[in-house]
Amino acid sequence: MSCQGRPSRKPRLIVLIRHGESESNRDKSINEYTPNHMIPLTETGWWQARHAGAQLLRLLNIDDPSIATKLSDKYCISCKSLPLVGYARLNKSLDTNVVFYTSPYKRTRQTLKGILDVFDEYNELNSGVHLPDNQCYQPEIPRRAGVWAVEHPKACREARHYICYRVKDDPRIREQDFGNFQESHSMKELMQKRSTYGHFFFRFKEGESAADVYDRVANFQETLFRHFDKTDRKPRDVVVLVTHGIYSRVFLMKWFRWTYEEFESFVNIPNGSMVVMELDESIDRYVLRTTLPKWT
């Protein structure tokens with residue numbers, strides 16, 4: 001129950017996932033001839049995406065955790081992960097309705113594809129229902145209003161847990177704009193200037209500052225709050241944002257009301273890693289369960 005004395009319609013978890021390793025993470029020169037939104041994942045990035053899907057599955061309340069463990073072992077990859085502290089599963093009801101918001105950039109959509117492939121695999125192993133390829137999430141196929149949904153199949157045995165999910169493209173959770181095509185040598189100089197000037201207020205020519213991203217974050221969070229309050233919609237058990245490093249930091253800054261100095265103390269989370277916020281209904285607030293990396 002919430003502190004208002006009625007069942008909470010807020011999701012049990014809000015999870016931020018940074019996209020897997022992209023070609024730009026490996027070689028910045030790709031930005032000189034490829035639009036930022038068209039940069040794909042590397043093969044390592046695809047593995048990180050599947051690994052993130054398995055790790056996310058292990059966070060959920062499901063009726064057969066051994067399947068999540070099996071998938072986690074299958075998609076194990078050596079990569080940096082962020083420790084969880086105090087994740088208590090305060091609400092232990094099964095998670096059956098997950099909503100994914102994704103940046104429309106190619107690397108985030110591909111990351112989501114890797115995550116959902118693992119979810120589809122779990123559903124098949126647990127419920128015996130195979131999702132045909134034409135019903136699986138396909139990031140290269142546009143959908144009406146940017147929504148992709150997988151509902152509970154009629155063929156599924158009612159006694160078995162099945163994770164239904166919806167996917168929504170949202171340009172507001174895209175990467176910080178650094179300008180259009182970027183010359184490597186000039187970007188290196190700009191990054192050095194940003195380190196001196198400050199990451200939050202430094203604006204890139206033809207691009208954005210993190211402060212500009214903050215305005216997008218504020219608008220998006222207002223949308224989330226409106227969805228949480230709608231009583232005519234099925235409650236969302238978990239909300240997942242598949243997004244970018246700087247956006248994740250600004251999202252947390254806005255949500256937890258950090259000062260810009262606090263924002264400056266953190267670095268981007270690693271590729272393919274996640275940040276977990278758990279709802280504590282006794283105080284009707286989200287608690288950050290992930291230990292974030294800081295500058296050393």
# chains A, B, ... in the order shown; residues from 1 in each chain; ligands from 1
call {"tool": "residues_around", "arguments": {"residues": "Ser195 (chain A)", "least_positions_apart": "5", "cutoff": "12 Å", "atoms": "only C-alpha atoms", "output": "list in words"}}
result
Lys188, Glu189, Leu190, Phe200, Phe201, Phe202, Arg203, Glu264, Ser265, Val267 and Trp295 of chain A
call {"tool": "write_last_selection", "arguments": {"atoms": "N, CA, C and O atoms", "output": "mmCIF file, in the first residue's frame"}}
result
data_model
loop_
_atom_site.group_PDB
_atom_site.id
_atom_site.type_symbol
_atom_site.label_atom_id
_atom_site.label_comp_id
_atom_site.auth_asym_id
_atom_site.auth_seq_id
_atom_site.Cartn_x
_atom_site.Cartn_y
_atom_site.Cartn_z
ATOM 1 N N LYS A 188 38.281 16.023 -29.759
ATOM 2 C CA LYS A 188 39.207 15.776 -28.651
ATOM 3 C C LYS A 188 39.493 17.074 -27.917
ATOM 4 O O LYS A 188 39.535 17.115 -26.682
ATOM 5 N N GLU A 189 39.689 18.151 -28.663
ATOM 6 C CA GLU A 189 39.937 19.455 -28.043
ATOM 7 C C GLU A 189 38.713 19.929 -27.264
ATOM 8 O O GLU A 189 38.832 20.469 -26.156
ATOM 9 N N LEU A 190 37.524 19.714 -27.840
ATOM 10 C CA LEU A 190 36.298 20.134 -27.163
ATOM 11 C C LEU A 190 36.089 19.360 -25.862
ATOM 12 O O LEU A 190 35.633 19.926 -24.863
ATOM 13 N N PHE A 200 28.331 19.769 -17.098
ATOM 14 C CA PHE A 200 26.899 20.062 -17.101
ATOM 15 C C PHE A 200 26.541 21.254 -17.974
ATOM 16 O O PHE A 200 25.565 21.211 -18.731
ATOM 17 N N PHE A 201 27.306 22.310 -17.904
ATOM 18 C CA PHE A 201 26.941 23.542 -18.601
ATOM 19 C C PHE A 201 27.630 23.726 -19.959
ATOM 20 O O PHE A 201 27.238 24.596 -20.732
ATOM 21 N N PHE A 202 28.618 22.923 -20.263
ATOM 22 C CA PHE A 202 29.340 23.091 -21.530
ATOM 23 C C PHE A 202 28.448 22.679 -22.697
ATOM 24 O O PHE A 202 27.943 21.563 -22.742
ATOM 25 N N ARG A 203 28.261 23.618 -23.648
ATOM 26 C CA ARG A 203 27.428 23.327 -24.816
ATOM 27 C C ARG A 203 28.300 23.138 -26.047
ATOM 28 O O ARG A 203 29.180 23.935 -26.334
ATOM 29 N N GLU A 264 28.352 16.454 -11.411
ATOM 30 C CA GLU A 264 29.729 16.494 -11.898
ATOM 31 C C GLU A 264 30.608 15.445 -11.205
ATOM 32 O O GLU A 264 31.647 15.053 -11.741
ATOM 33 N N SER A 265 30.187 14.954 -10.058
ATOM 34 C CA SER A 265 31.019 13.996 -9.322
ATOM 35 C C SER A 265 30.936 12.590 -9.906
ATOM 36 O O SER A 265 31.781 11.751 -9.613
ATOM 37 N N VAL A 267 30.617 9.702 -13.121
ATOM 38 C CA VAL A 267 30.994 9.429 -14.508
ATOM 39 C C VAL A 267 29.903 8.565 -15.132
ATOM 40 O O VAL A 267 29.023 8.045 -14.439
ATOM 41 N N TRP A 295 34.287 9.961 -10.371
ATOM 42 C CA TRP A 295 35.636 10.314 -10.800
ATOM 43 C C TRP A 295 36.643 9.924 -9.719
ATOM 44 O O TRP A 295 36.348 10.052 -8.515
#
call {"tool": "select_by_dssp", "arguments": {"residues": "region 92-168 of chain A", "states": "strand (DSSP E)", "output": "list in words"}}
result
Asn97, Val98, Val99, Phe100, Tyr101, Thr102, Val147, Trp148, Ala149, Val150, Cys164, Tyr165, Arg166, Val167 and Lys168 of chain A
call {"tool": "closest_residue", "arguments": {"among": "A:Asn25, A:Thr108, A:Ser66, A:Thr259", "to": "Ala49 (chain A)", "atoms": "only C-alpha atoms"}}
result
A:Thr108
call {"tool": "atom_distance", "arguments": {"atom1": "CA of Asp73 (chain A)", "atom2": "CA of Asp117 (chain A)"}}
result
15.2 Å
call {"tool": "closest_residue", "arguments": {"among": "A:Lys205, A:Arg12, A:His19, A:His244", "to": "Phe181 (chain A)", "atoms": "only C-alpha atoms"}}
result
A:Lys205
call {"tool": "closest_residue", "arguments": {"among": "A:Pro40, A:Asp170, A:Ser273, A:Tyr214", "to": "Trp258 (chain A)", "atoms": "only C-alpha atoms"}}
result
A:Tyr214
call {"tool": "closest_atom_pairs", "arguments": {"of": "region 212-231 of chain A", "to": "region 249-253 of chain A", "cutoff": "9 Å", "atoms": "only C-alpha atoms", "output": "tab-separated table"}}
result
residue	atom	partner	partner_atom	distance
A:Val213	CA	A:Val250	CA	7.1
A:Tyr214	CA	A:Val250	CA	5.9
A:Val217	CA	A:Phe251	CA	5.8
A:Ala218	CA	A:Phe251	CA	8.0
A:Gln221	CA	A:Phe251	CA	8.3
